[in-house]
$ cat coords.txt   # compact mmCIF, C-alpha atoms
# COMPACT_ATOMS: atom_id res chain seq x y z
CA MET Q 1 72.32 -79.13 86.81
CA ARG Q 2 70.14 -82.04 85.65
CA PHE Q 3 66.87 -82.02 83.77
CA SER Q 4 64.26 -84.30 82.25
CA SER Q 5 62.00 -83.61 79.31
CA ALA Q 6 58.50 -85.09 79.06
CA SER Q 7 55.02 -84.54 77.71
CA ARG Q 8 52.34 -84.74 80.41
CA LEU Q 9 48.59 -84.88 80.18
CA ALA Q 10 46.65 -81.85 81.34
CA SER Q 11 44.89 -81.67 84.69
CA GLY Q 12 42.15 -84.08 83.53
CA ARG Q 13 43.97 -87.30 84.39
CA ALA Q 14 45.64 -85.59 87.31
CA SER Q 15 42.13 -85.25 88.80
CA LEU Q 16 42.17 -89.02 89.38
CA ALA Q 17 44.90 -88.42 91.95
CA LEU Q 18 42.27 -86.78 94.18
CA TYR Q 19 41.14 -90.25 95.19
CA LEU Q 20 44.48 -90.84 96.91
CA ALA Q 21 43.11 -88.68 99.72
CA ALA Q 22 40.69 -91.54 100.49
CA LEU Q 23 43.46 -93.55 102.21
CA PRO Q 24 44.22 -91.09 105.07
CA LEU Q 25 40.48 -90.34 105.34
CA TRP Q 26 39.74 -94.05 105.72
CA LEU Q 27 42.53 -94.55 108.28
CA PHE Q 28 41.27 -91.63 110.32
CA SER Q 29 37.52 -92.22 110.11
CA ALA Q 30 37.14 -95.99 109.82
CA PRO Q 31 36.76 -96.77 113.57
CA ALA Q 32 34.11 -94.12 114.27
CA TRP Q 33 32.55 -93.39 110.84
CA PRO Q 34 33.08 -96.40 108.57
CA HIS Q 35 30.70 -94.98 105.95
CA ALA Q 36 32.50 -91.63 105.60
CA THR Q 37 35.12 -92.75 103.05
CA PRO Q 38 32.82 -94.55 100.57
CA ILE Q 39 30.29 -91.71 100.75
CA ALA Q 40 33.01 -89.14 100.04
CA LEU Q 41 34.44 -91.25 97.21
CA GLY Q 42 31.02 -91.82 95.67
CA THR Q 43 30.08 -88.14 95.85
CA LEU Q 44 33.38 -87.02 94.32
CA GLY Q 45 33.21 -89.71 91.65
CA LEU Q 46 29.68 -88.77 90.60
CA TYR Q 47 30.55 -85.08 90.44
CA GLN Q 48 33.68 -85.71 88.38
CA TRP Q 49 31.80 -88.11 86.09
CA TRP Q 50 29.14 -85.45 85.43
CA ARG Q 51 31.80 -82.76 84.89
CA TYR Q 52 33.87 -84.71 82.36
CA HIS Q 53 30.88 -86.28 80.65
CA HIS Q 54 29.45 -82.77 80.12
CA ARG Q 55 32.75 -81.67 78.59
CA TYR Q 56 32.86 -84.79 76.44
CA ARG Q 57 29.40 -84.07 75.04
CA LEU Q 58 30.38 -80.45 74.30
CA VAL Q 59 33.50 -81.53 72.40
CA ALA Q 60 31.80 -84.42 70.61
CA ASP Q 61 28.67 -82.45 69.63
CA THR Q 62 30.33 -79.19 68.56
CA PRO Q 63 31.23 -79.21 64.83
CA THR Q 64 34.92 -78.59 64.11
CA SER Q 65 35.52 -75.49 61.99
CA ARG Q 66 38.56 -75.05 59.78
CA SER Q 67 37.14 -71.92 58.16
CA ALA Q 68 39.03 -68.63 58.02
CA THR Q 69 35.74 -66.80 58.76
CA PRO Q 70 34.29 -68.61 61.80
CA VAL Q 71 30.74 -68.02 62.94
CA GLN Q 72 30.14 -65.98 66.07
CA GLY Q 73 29.49 -67.72 69.36
CA TYR Q 74 30.76 -70.94 70.91
CA GLY Q 75 32.86 -73.04 68.55
CA GLU Q 76 35.52 -75.70 68.08
CA PHE Q 77 38.57 -75.22 65.86
CA PHE Q 78 41.62 -77.19 64.80
CA GLY Q 79 44.70 -75.94 62.98
CA GLN Q 80 48.30 -74.94 63.70
CA ALA Q 81 49.70 -72.59 66.34
CA ARG Q 82 51.32 -69.43 64.98
CA ALA Q 83 53.13 -66.52 66.59
CA PRO Q 84 51.73 -62.99 66.18
CA HIS Q 85 53.86 -60.20 64.77
CA GLY Q 86 56.34 -58.66 67.17
CA PRO Q 87 59.19 -59.83 69.41
CA PRO Q 88 59.29 -63.63 69.92
CA LEU Q 89 57.90 -65.08 73.17
CA ILE Q 90 60.49 -66.90 75.31
CA THR Q 91 59.91 -69.10 78.35
CA PRO Q 92 61.34 -67.39 81.45
CA TYR Q 93 63.69 -70.12 82.72
CA GLY Q 94 64.53 -72.50 79.88
CA HIS Q 95 64.49 -69.74 77.24
CA MET Q 96 62.52 -71.82 74.74
CA ARG Q 97 60.89 -69.98 71.86
CA CYS Q 98 57.12 -70.47 71.96
CA VAL Q 99 53.68 -68.90 71.46
CA TRP Q 100 52.39 -69.72 74.99
CA TYR Q 101 53.96 -71.04 78.20
CA HIS Q 102 53.31 -71.96 81.81
CA ALA Q 103 56.31 -71.83 84.15
CA SER Q 104 56.95 -72.51 87.82
CA ARG Q 105 59.97 -72.37 90.08
CA GLN Q 106 60.17 -73.95 93.53
CA CYS Q 107 62.74 -73.32 96.23
CA ARG Q 108 64.77 -76.25 97.58
CA ASP Q 109 66.49 -76.71 100.93
CA ASP Q 110 69.88 -78.33 101.65
CA ARG Q 111 68.32 -81.81 101.64
CA GLN Q 112 67.02 -81.17 98.09
CA SER Q 113 63.35 -81.32 99.09
CA VAL Q 114 60.85 -78.87 97.66
CA LEU Q 115 59.63 -76.30 100.14
CA THR Q 116 57.15 -73.81 98.68
CA ASP Q 117 56.22 -72.34 95.33
CA HIS Q 118 58.42 -69.38 94.58
CA THR Q 119 56.95 -68.40 91.22
CA ARG Q 120 54.11 -69.73 89.07
CA HIS Q 121 52.72 -67.90 86.08
CA SER Q 122 51.42 -68.29 82.52
CA SER Q 123 51.85 -66.02 79.52
CA ASP Q 124 48.86 -63.84 78.68
CA HIS Q 125 50.05 -62.92 75.17
CA ALA Q 126 47.65 -63.60 72.32
CA LEU Q 127 48.59 -66.39 69.91
CA LEU Q 128 47.29 -67.27 66.46
CA LEU Q 129 45.52 -70.36 65.18
CA GLN Q 130 46.07 -70.93 61.47
CA LEU Q 131 42.81 -71.99 59.79
CA GLY Q 132 43.04 -72.56 56.07
CA ASN Q 133 43.93 -69.22 54.51
CA GLY Q 134 43.00 -67.19 57.59
CA GLN Q 135 43.84 -66.89 61.26
CA LEU Q 136 42.02 -66.87 64.58
CA VAL Q 137 43.41 -64.75 67.43
CA ILE Q 138 43.37 -66.68 70.71
CA GLU Q 139 43.26 -64.74 73.97
CA PRO Q 140 44.42 -67.50 76.36
CA ALA Q 141 43.38 -66.03 79.73
CA GLY Q 142 41.21 -68.55 81.57
CA ALA Q 143 41.95 -71.50 79.26
CA GLN Q 144 42.65 -75.07 80.34
CA VAL Q 145 45.77 -75.82 78.30
CA GLU Q 146 47.35 -79.16 77.42
CA THR Q 147 50.75 -78.79 75.78
CA LEU Q 148 52.83 -81.07 73.63
CA HIS Q 149 56.09 -79.84 75.20
CA GLN Q 150 57.09 -79.94 78.85
CA ARG Q 151 60.41 -79.84 80.61
CA GLN Q 152 61.54 -80.03 84.22
CA TRP Q 153 65.00 -79.66 85.70
CA GLN Q 154 66.73 -78.52 88.85
CA ASP Q 155 69.85 -76.84 90.10
CA GLU Q 156 71.29 -76.34 93.59
CA GLN Q 157 68.61 -73.84 94.61
CA TYR Q 158 65.46 -74.34 92.54
CA GLN Q 159 63.33 -76.88 90.78
CA TYR Q 160 61.88 -75.65 87.46
CA ARG Q 161 58.94 -76.76 85.35
CA GLU Q 162 57.89 -75.33 82.01
CA SER Q 163 55.26 -76.35 79.48
CA TRP Q 164 54.77 -74.53 76.21
CA ILE Q 165 53.07 -74.40 72.83
CA ALA Q 166 55.59 -74.05 70.02
CA GLU Q 167 54.95 -72.44 66.65
CA GLY Q 168 53.69 -75.02 64.20
CA ASP Q 169 52.22 -77.33 66.86
CA PRO Q 170 48.80 -78.81 66.12
CA LEU Q 171 46.28 -76.79 68.09
CA TYR Q 172 42.73 -77.61 69.14
CA ALA Q 173 40.66 -74.75 70.56
CA LEU Q 174 37.18 -74.65 72.11
CA GLY Q 175 35.74 -71.30 73.21
CA SER Q 176 33.74 -68.22 72.26
CA VAL Q 177 34.38 -66.24 69.07
CA THR Q 178 33.80 -62.53 68.51
CA THR Q 179 34.78 -60.45 65.47
CA HIS Q 180 36.55 -57.09 65.81
CA ALA Q 181 36.61 -54.28 63.21
CA GLY Q 182 34.98 -54.77 59.84
CA PRO Q 183 32.80 -52.17 58.05
CA PRO Q 184 30.83 -50.02 60.53
CA GLY Q 185 27.06 -49.93 60.14
CA GLN Q 186 24.75 -46.95 59.53
CA GLN Q 187 23.93 -46.61 63.22
CA ALA Q 188 27.64 -46.46 64.06
CA TRP Q 189 28.06 -43.73 61.41
CA ARG Q 190 25.27 -41.65 62.96
CA ASP Q 191 26.63 -42.17 66.47
CA ASP Q 192 30.14 -41.12 65.43
CA LEU Q 193 28.80 -38.03 63.65
CA GLN Q 194 26.90 -36.95 66.75
CA LEU Q 195 29.93 -37.57 68.98
CA LEU Q 196 32.16 -35.48 66.72
CA LEU Q 197 29.68 -32.59 66.62
CA ASN Q 198 29.37 -32.72 70.42
CA GLU Q 199 33.16 -32.50 70.71
CA TRP Q 200 33.23 -29.47 68.44
CA LYS Q 201 30.42 -27.79 70.38
CA ALA Q 202 32.33 -28.31 73.63
CA ASP Q 203 35.25 -26.35 72.13
CA HIS Q 204 33.15 -23.28 71.28
CA SER Q 205 36.08 -20.95 70.58
CA GLY Q 206 37.67 -23.48 68.24
CA LEU Q 207 34.34 -23.97 66.46
CA LEU Q 208 33.98 -20.22 65.92
CA GLN Q 209 37.54 -19.89 64.73
CA ARG Q 210 36.95 -22.52 62.05
CA PHE Q 211 33.43 -21.71 60.85
CA ASP Q 212 32.47 -18.12 61.92
CA LEU Q 213 33.29 -16.64 58.53
CA ASN Q 214 31.65 -13.22 59.09
CA GLY Q 215 33.20 -12.75 62.54
CA ASN Q 216 29.97 -11.89 64.40
CA GLY Q 217 30.79 -14.22 67.32
CA GLN Q 218 28.15 -16.82 66.54
CA LEU Q 219 27.40 -19.49 63.97
CA ASP Q 220 24.76 -18.49 61.45
CA PRO Q 221 22.63 -21.27 59.87
CA ASP Q 222 24.79 -21.51 56.77
CA GLU Q 223 27.95 -21.59 58.91
CA TRP Q 224 26.50 -24.34 61.10
CA GLU Q 225 25.60 -26.28 57.95
CA ALA Q 226 29.23 -25.93 56.80
CA ALA Q 227 30.35 -27.35 60.17
CA ARG Q 228 27.96 -30.29 59.75
CA GLN Q 229 29.29 -30.97 56.26
CA ALA Q 230 32.89 -30.90 57.55
CA ALA Q 231 31.96 -33.37 60.31
CA HIS Q 232 30.15 -35.50 57.74
CA GLN Q 233 33.29 -35.67 55.59
CA ALA Q 234 35.53 -36.43 58.59
CA VAL Q 235 33.33 -39.36 59.71
CA ASP Q 236 33.10 -40.64 56.13
CA GLN Q 237 36.89 -40.68 55.87
CA GLN Q 238 37.24 -42.41 59.25
CA HIS Q 239 34.76 -45.13 58.30
CA ARG Q 240 36.37 -45.70 54.92
CA THR Q 241 39.64 -46.32 56.76
CA LEU Q 242 37.94 -48.73 59.17
CA ALA Q 243 36.23 -50.56 56.31
CA SER Q 244 39.60 -51.16 54.66
CA ILE Q 245 40.88 -53.01 57.76
CA PRO Q 246 40.19 -56.76 57.51
CA PRO Q 247 38.07 -58.06 60.40
CA SER Q 248 39.89 -60.11 63.06
CA HIS Q 249 38.26 -63.07 64.78
CA HIS Q 250 39.07 -63.59 68.46
CA LEU Q 251 38.63 -66.74 70.55
CA HIS Q 252 38.33 -66.16 74.29
CA CYS Q 253 36.91 -67.54 77.52
CA PRO Q 254 33.09 -67.83 77.43
CA VAL Q 255 31.16 -65.57 79.79
CA ASP Q 256 29.11 -68.56 80.97
CA SER Q 257 30.34 -71.81 82.54
CA ARG Q 258 31.20 -73.59 79.28
CA PRO Q 259 34.84 -74.75 79.09
CA PHE Q 260 37.63 -72.91 77.31
CA MET Q 261 40.19 -75.48 76.16
CA LEU Q 262 43.45 -75.51 74.19
CA SER Q 263 45.21 -78.76 73.33
CA TRP Q 264 47.60 -80.39 70.85
CA ARG Q 265 45.16 -83.30 70.39
CA THR Q 266 42.84 -83.70 67.44
CA PRO Q 267 39.12 -83.12 68.12
CA GLN Q 268 38.51 -86.88 67.99
CA ALA Q 269 41.33 -87.64 70.43
CA GLN Q 270 40.17 -84.84 72.74
CA ALA Q 271 36.64 -86.27 72.86
CA GLN Q 272 37.98 -89.79 73.42
CA GLN Q 273 40.18 -88.64 76.33
CA LEU Q 274 37.29 -86.84 78.04
CA ARG Q 275 35.00 -89.84 77.55
CA LEU Q 276 37.60 -92.14 79.10
CA LEU Q 277 38.07 -89.79 82.05
CA SER Q 278 34.34 -89.56 82.66
CA TRP Q 279 33.96 -93.33 82.80
CA CYS Q 280 37.01 -93.70 85.06
CA HIS Q 281 35.29 -91.42 87.57
CA ALA Q 282 32.03 -93.33 87.10
CA ALA Q 283 33.87 -96.57 87.91
CA VAL Q 284 35.16 -95.03 91.15
CA ALA Q 285 31.62 -93.95 92.09
CA LEU Q 286 30.30 -97.44 91.32
CA ALA Q 287 33.05 -99.08 93.41
CA ALA Q 288 32.24 -96.70 96.28
CA GLY Q 289 28.57 -97.69 96.02
CA VAL Q 290 29.47 -101.41 96.23
CA TRP Q 291 31.72 -100.70 99.21
CA LEU Q 292 28.93 -98.80 100.95
CA ALA Q 293 26.42 -101.58 100.26
CA ARG Q 294 28.73 -104.18 101.83
CA LEU Q 295 29.12 -102.08 104.94
CA GLY Q 296 25.34 -102.21 105.30

$ encode --input "coords.txt" --output "structure tokens"
Amino acid sequence: MRFSSASRLASGRASLALYLAALPLWLFSAPAWPHATPIALGTLGLYQWWRYHHRYRLVADTPTSRSATPVQGYGEFFGQARAPHGPPLITPYGHMRCVWYHASRQCRDDRQSVLTDHTRHSSDHALLLQLGNGQLVIEPAGAQVETLHQRQWQDEQYQYRESWIAEGDPLYALGSVTTHAGPPGQQAWRDDLQLLLNEWKADHSGLLQRFDLNGNGQLDPDEWEAARQAAHQAVDQQHRTLASIPPSHHLHCPVDSRPFMLSWRTPQAQAQQLRLLSWCHAAVALAAGVWLARLG
């Protein structure tokens, strides 16, 4: 078995490899459609420039929060990756301890060439982002993730690749925040009281058994008032318990088209990388425009 260990950039710079498809397109189309390749390159370059420039502006213009009580909505955060309570998360092939991973395994033939993907999956376990004296729960489904750690190796049958976020890694996060739990409001108290009374009414025999004190088979007004008071006390107790639970703040994928990103880079480095990528794509679009102009 042999392996190599490396840290790769996320799919952003890999998107530049899309332009390699221009060579076979040019070889195929040049005799009949000489303008096809520069038009395709220019269109792709402009689209990718707009895409990465939009992401760059989002990262650069969104204030970075290091607060333990983040505001609701779309936000940017930077801290350290932490593991939640419970059994440790382990990568499936290399057995590395982590808080998030992406793993793939590809089958090899006798000539050691890769055939097809056998397995490719990412962990969907929540991880924590340490912010000052508090924590932010990250639900990673749908995130574009750039990791500090990556490893690839092979044996006689498979080629393996794993990338992971380790506990203690610097962690940048951009996404939507919602807060769970916290003290319920008055409207929630009224709704819970009505729901509880409706449940008791649905179990009529149980309601009579508890509150029909004179045994006449129905609830008199004073007996019904006793039932209401019992429900009132039960809801009060439930809400006191809920109010004692500290609120938890969760970062997740936005419901709109805004990006959801996790990275080991600082906010400044993340913005700089996206800016560089956007202008690389712009340069390709400009070169395609010059090429097209020379073709006439």

$ atom_distance --input "coords.txt" --atom1 "atom CA of Glu223 of chain Q" --atom2 "atom CA of Gln237 of chain Q"
21.3 Å

$ residues_around --input "coords.txt" --residues "Leu193 of chain Q" --least-positions-apart "4" --cutoff "8 Å" --atoms "only C-alpha atoms" --output "list of chain:residue names"
Q:Trp189, Q:Leu197, Q:Ala231, Q:His232, Q:Val235

$ closest_residue --input "coords.txt" --among "Q:His250, Q:Pro63, Q:His95, Q:Trp291" --to "Ser176 of chain Q" --atoms "all atoms listed in the file"
Q:His250

$ closest_residue --input "coords.txt" --among "Q:Arg108, Q:Arg51, Q:Arg66, Q:Arg161" --to "Thr91 of chain Q" --atoms "only C-alpha atoms"
Q:Arg161

$ atom_distance --input "coords.txt" --atom1 "atom CA of Ser122 of chain Q" --atom2 "atom CA of Gln48 of chain Q"
25.5 Å

$ closest_residue --input "coords.txt" --among "Q:Pro170, Q:Gly134, Q:Gly217, Q:Gly79" --to "Thr64 of chain Q" --atoms "all atoms listed in the file"
Q:Gly79

$ closest_residue --input "coords.txt" --among "Q:Trp264, Q:Asp220, Q:Ile90, Q:Ala269" --to "His149 of chain Q" --atoms "all atoms listed in the file"
Q:Trp264

$ residues_around --input "coords.txt" --residues "segment 80-84 of chain Q" --least-positions-apart "2" --cutoff "12 Å" --atoms "all atoms listed in the file" --output "MDAnalysis selection string"
chainID Q and resid 66 77:78 86:90 97:100 125:139 147:148 164:173 262:266

$ atom_distance --input "coords.txt" --atom1 "atom CA of Pro34 of chain Q" --atom2 "atom CA of Tyr52 of chain Q"
28.7 Å

$ closest_residue --input "coords.txt" --among "Q:Arg258, Q:His53, Q:His35, Q:Arg240" --to "Leu174 of chain Q" --atoms "only C-alpha atoms"
Q:Arg258

$ residues_near_point --input "coords.txt" --point "(42.5, -75.7, 80.2)" --cutoff "7 Å" --atoms "all atoms listed in the file" --output "VMD selection string"
chain Q and resid 143 to 146 260 to 262

$ residues_around --input "coords.txt" --residues "segment 282-285 of chain Q" --least-positions-apart "5" --cutoff "9 Å" --atoms "all atoms listed in the file" --output "number ranges by chain"
Q: 19, 38, 41-46, 48-50, 277, 290
